[in-house]
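For reference, the structure is listed below as structure tokens.
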Amino acid sequence: MSPPSPPARSPSDVTGAVAAPFKRRPGRPRSLPPKTGPSNASNAETVARLRDNGRITLMWCAFQGPPNIVRVHGRGEPVFRDDPRFKELLAHFPGIDPWSHGLRAVVVVRADLIRDTCGYAVPYMAYEGERDLHERPFAREDDASLDAYFTKKEHVATSLDGLPGLPLPLPPSSM
């Protein structure tokens, strides 16, 4: 199976946008009770959808080997940096340095349904390695500069649909 693709989220209003970024970070997700994963995706779509209705779907596709698609349907909650649980949850991801890439939340997911499908239409693709392009700029940032960066970006404090996104100014880290 491939590493997980980021979750697709749907708003409670059927006319809203479905957020489906193609960004994956090392260390996501880990099997913990409940399921968790650090979030540093662009903008605020994951956080906004979770804050709106809590629904989330995680999907894995087999791009090599036997065809298969596995989906985990559940409820999620963003745990922000100022939440007392943040440090404890982040400890489950020893390879993740929250200061080197602007980590803002850990997403806790409770799986309600796990199912698989054939995956016959999934193409073969080869994994060549991770890119470090996302981490390099954030390695130079501190909380003040990250806050300034996120504050001036469109669709961070609110989603594409105007739902509440990331809390700005950024909550102080509990670490």
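Letters A, B, ... go to the chains of the structure tokens in the order shown; residues in each chain start at 1; ligands are counted from 1 in the same order.
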Show me, as an NGL selection string, the residues that have an atom within 10 Å of Pro67 of chain A when counting only C-alpha atoms, minus same-chain residues fewer than 3 positions from it. :A and (1 or 61-64 or 117-124)
For the selection just defined, write its residues with N, CA, C and O atoms to a file, as an mmCIF file, in the first residue's frame.
```cif
data_model
loop_
_atom_site.group_PDB
_atom_site.id
_atom_site.type_symbol
_atom_site.label_atom_id
_atom_site.label_comp_id
_atom_site.auth_asym_id
_atom_site.auth_seq_id
_atom_site.Cartn_x
_atom_site.Cartn_y
_atom_site.Cartn_z
ATOM 1 N N MET A 1 0.848 -1.188 0.000
ATOM 2 C CA MET A 1 0.000 0.000 0.000
ATOM 3 C C MET A 1 0.887 1.243 0.000
ATOM 4 O O MET A 1 1.963 1.233 0.543
ATOM 5 N N CYS A 61 -4.158 4.138 -1.373
ATOM 6 C CA CYS A 61 -4.247 3.454 -2.662
ATOM 7 C C CYS A 61 -2.967 2.652 -2.870
ATOM 8 O O CYS A 61 -1.877 3.147 -2.586
ATOM 9 N N ALA A 62 -3.104 1.446 -3.401
ATOM 10 C CA ALA A 62 -1.940 0.626 -3.733
ATOM 11 C C ALA A 62 -1.490 0.985 -5.141
ATOM 12 O O ALA A 62 -2.149 0.641 -6.112
ATOM 13 N N PHE A 63 -0.378 1.723 -5.244
ATOM 14 C CA PHE A 63 0.162 2.093 -6.548
ATOM 15 C C PHE A 63 1.174 1.068 -7.055
ATOM 16 O O PHE A 63 1.623 1.152 -8.182
ATOM 17 N N GLN A 64 1.555 0.148 -6.186
ATOM 18 C CA GLN A 64 2.445 -0.953 -6.548
ATOM 19 C C GLN A 64 1.867 -2.217 -5.938
ATOM 20 O O GLN A 64 1.130 -2.162 -4.959
ATOM 21 N N THR A 117 -11.839 -1.547 -1.334
ATOM 22 C CA THR A 117 -12.398 -1.820 -2.652
ATOM 23 C C THR A 117 -11.279 -2.334 -3.541
ATOM 24 O O THR A 117 -10.099 -2.272 -3.175
ATOM 25 N N CYS A 118 -11.638 -2.796 -4.713
ATOM 26 C CA CYS A 118 -10.706 -3.515 -5.574
ATOM 27 C C CYS A 118 -9.497 -2.696 -6.012
ATOM 28 O O CYS A 118 -8.399 -3.229 -6.103
ATOM 29 N N GLY A 119 -9.649 -1.445 -6.334
ATOM 30 C CA GLY A 119 -8.531 -0.635 -6.794
ATOM 31 C C GLY A 119 -8.071 -0.948 -8.202
ATOM 32 O O GLY A 119 -6.981 -0.564 -8.604
ATOM 33 N N TYR A 120 -8.899 -1.641 -8.978
ATOM 34 C CA TYR A 120 -8.495 -2.042 -10.327
ATOM 35 C C TYR A 120 -8.181 -0.844 -11.227
ATOM 36 O O TYR A 120 -7.406 -0.967 -12.169
ATOM 37 N N ALA A 121 -8.767 0.304 -10.981
ATOM 38 C CA ALA A 121 -8.526 1.476 -11.824
ATOM 39 C C ALA A 121 -7.361 2.336 -11.332
ATOM 40 O O ALA A 121 -7.020 3.332 -11.956
ATOM 41 N N VAL A 122 -6.728 1.966 -10.216
ATOM 42 C CA VAL A 122 -5.605 2.736 -9.685
ATOM 43 C C VAL A 122 -4.372 2.454 -10.547
ATOM 44 O O VAL A 122 -3.999 1.300 -10.740
ATOM 45 N N PRO A 123 -3.719 3.496 -11.060
ATOM 46 C CA PRO A 123 -2.551 3.268 -11.915
ATOM 47 C C PRO A 123 -1.331 2.834 -11.110
ATOM 48 O O PRO A 123 -1.259 3.040 -9.897
ATOM 49 N N TYR A 124 -0.360 2.238 -11.799
ATOM 50 C CA TYR A 124 0.936 1.971 -11.187
ATOM 51 C C TYR A 124 1.703 3.291 -11.110
ATOM 52 O O TYR A 124 1.719 4.068 -12.057
#
```
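Proximity to Pro172 of chain A was assessed for A:Pro137, A:Pro66, A:Pro94, A:Pro84 counting only C-alpha atoms; the smallest distance is recorded for A:Pro84.
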Quick one: residues within 8 Å of segment 143-151 of chain A, only C-alpha atoms counted, chain neighbours fewer than 4 positions away excluded, as an MDAnalysis selection string? chainID A and resid 102 138 156:157 168:170 172
Export N, CA and C atoms of the chosen residues as a JSON list (two decimals), in the first residue's frame?
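New file out31.json:
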```
[["chain", "number", "residue", "atom", "x", "y", "z"],
["A", 102, "GLY", "N", 6.47, 24.38, 10.71],
["A", 102, "GLY", "CA", 5.25, 25.13, 10.96],
["A", 102, "GLY", "C", 4.05, 24.31, 11.40],
["A", 138, "PHE", "N", 9.98, 26.88, 6.36],
["A", 138, "PHE", "CA", 9.47, 26.93, 7.73],
["A", 138, "PHE", "C", 10.59, 26.77, 8.76],
["A", 156, "VAL", "N", -6.74, 31.10, 5.46],
["A", 156, "VAL", "CA", -6.11, 30.46, 6.61],
["A", 156, "VAL", "C", -7.02, 30.63, 7.82],
["A", 157, "ALA", "N", -7.45, 31.87, 8.09],
["A", 157, "ALA", "CA", -8.37, 32.12, 9.19],
["A", 157, "ALA", "C", -9.77, 31.60, 8.86],
["A", 168, "LEU", "N", -6.24, 32.56, 14.56],
["A", 168, "LEU", "CA", -5.18, 33.56, 14.40],
["A", 168, "LEU", "C", -5.47, 34.71, 15.34],
["A", 169, "PRO", "N", -4.45, 35.25, 16.02],
["A", 169, "PRO", "CA", -3.06, 34.84, 15.91],
["A", 169, "PRO", "C", -2.88, 33.40, 16.39],
["A", 170, "LEU", "N", -1.80, 32.79, 15.92],
["A", 170, "LEU", "CA", -1.54, 31.41, 16.29],
["A", 170, "LEU", "C", -1.52, 31.23, 17.80],
["A", 172, "PRO", "N", -0.17, 30.06, 21.29],
["A", 172, "PRO", "CA", 1.21, 29.76, 21.70],
["A", 172, "PRO", "C", 1.39, 28.24, 21.84]]
```
Atom pair atom CA of Ser173 of chain A / atom CA of Asp82 of chain A: separation (Å): 5.2 Å
Contacts of Glu77 of chain A at 8 Å (only C-alpha atoms; same-chain gap of 6+ positions) as JSON, numbers by chain: {"A": [47, 50, 51, 54, 107, 108, 109]}
Produce a file of the selected residues containing all heavy atoms, as a compact mmCIF listing (two decimals), in the first residue's frame.
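Dumped to selection18.txt:
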```txt
# COMPACT_ATOMS: atom_id res chain seq x y z
N VAL A 47 -8.84 21.74 8.84
CA VAL A 47 -9.30 22.25 10.14
C VAL A 47 -10.72 22.80 10.03
O VAL A 47 -11.57 22.52 10.88
CB VAL A 47 -8.32 23.32 10.66
CG1 VAL A 47 -8.92 24.08 11.84
CG2 VAL A 47 -7.01 22.68 11.06
N LEU A 50 -13.28 19.95 9.75
CA LEU A 50 -13.41 19.24 11.02
C LEU A 50 -14.15 20.09 12.05
O LEU A 50 -14.97 19.57 12.80
CB LEU A 50 -12.04 18.83 11.55
CG LEU A 50 -11.34 17.74 10.74
CD1 LEU A 50 -9.92 17.54 11.24
CD2 LEU A 50 -12.12 16.45 10.78
N ARG A 51 -13.89 21.37 12.07
CA ARG A 51 -14.59 22.25 13.00
C ARG A 51 -16.06 22.39 12.61
O ARG A 51 -16.92 22.61 13.47
CB ARG A 51 -13.91 23.61 13.06
CG ARG A 51 -12.53 23.54 13.71
CD ARG A 51 -11.81 24.85 13.64
NE ARG A 51 -12.24 25.72 14.73
CZ ARG A 51 -11.78 26.95 14.92
NH1 ARG A 51 -10.89 27.46 14.11
NH2 ARG A 51 -12.21 27.66 15.92
N GLY A 54 -16.89 17.66 11.72
CA GLY A 54 -16.10 16.57 12.29
C GLY A 54 -15.88 15.37 11.39
O GLY A 54 -15.14 14.46 11.76
N VAL A 107 -4.27 16.13 14.26
CA VAL A 107 -5.65 15.74 14.00
C VAL A 107 -5.90 14.36 14.63
O VAL A 107 -5.20 13.40 14.32
CB VAL A 107 -5.96 15.70 12.49
CG1 VAL A 107 -7.36 15.18 12.24
CG2 VAL A 107 -5.77 17.09 11.89
N VAL A 108 -6.87 14.30 15.53
CA VAL A 108 -7.25 13.05 16.18
C VAL A 108 -8.47 12.52 15.43
O VAL A 108 -9.46 13.23 15.26
CB VAL A 108 -7.59 13.27 17.67
CG1 VAL A 108 -8.07 11.97 18.31
CG2 VAL A 108 -6.39 13.83 18.41
N VAL A 109 -8.38 11.26 14.96
CA VAL A 109 -9.47 10.66 14.18
C VAL A 109 -9.96 9.39 14.87
O VAL A 109 -9.15 8.53 15.23
CB VAL A 109 -9.00 10.31 12.74
CG1 VAL A 109 -10.11 9.60 11.97
CG2 VAL A 109 -8.55 11.56 12.01
```
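Between atom CA of Val106 of chain A and atom CA of Thr57 of chain A there is a distance of 15.7 Å.
Picture a line from atom CA of Leu89 of chain A to atom CA of Arg75 of chain A; it runs 16.9 Å.
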With only C-alpha atoms as the counted atoms, please give the residues lying no more than 9 Å from Asp83 of chain A, apart from itself and same-chain residues fewer than 4 positions off, as a ChimeraX atom specification. /A:79,87,171,173-174
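For the choices A:Pro167, A:Gly65, A:Gly74, A:Gly162, the atom-to-atom distance to Arg110 of chain A is smallest for A:Gly74 when using only C-alpha atoms.
Distances to Glu141 of chain A were evaluated for A:Arg55, A:Trp60, A:Leu103, A:Thr158 using only C-alpha atoms, and the minimum falls at A:Leu103.
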Using DSSP on the backbone coordinates, identify all residues within segment 20-172 of chain A classified as helix (DSSP H, G or I); present the result as a ChimeraX atom specification. /A:45-53,85-90,135-139,143-152
Backbone-only DSSP, strand (DSSP E or B) members of segment 67-163 of chain A, as a PyMOL selection string: chain A and resi 69-80+105-117+158
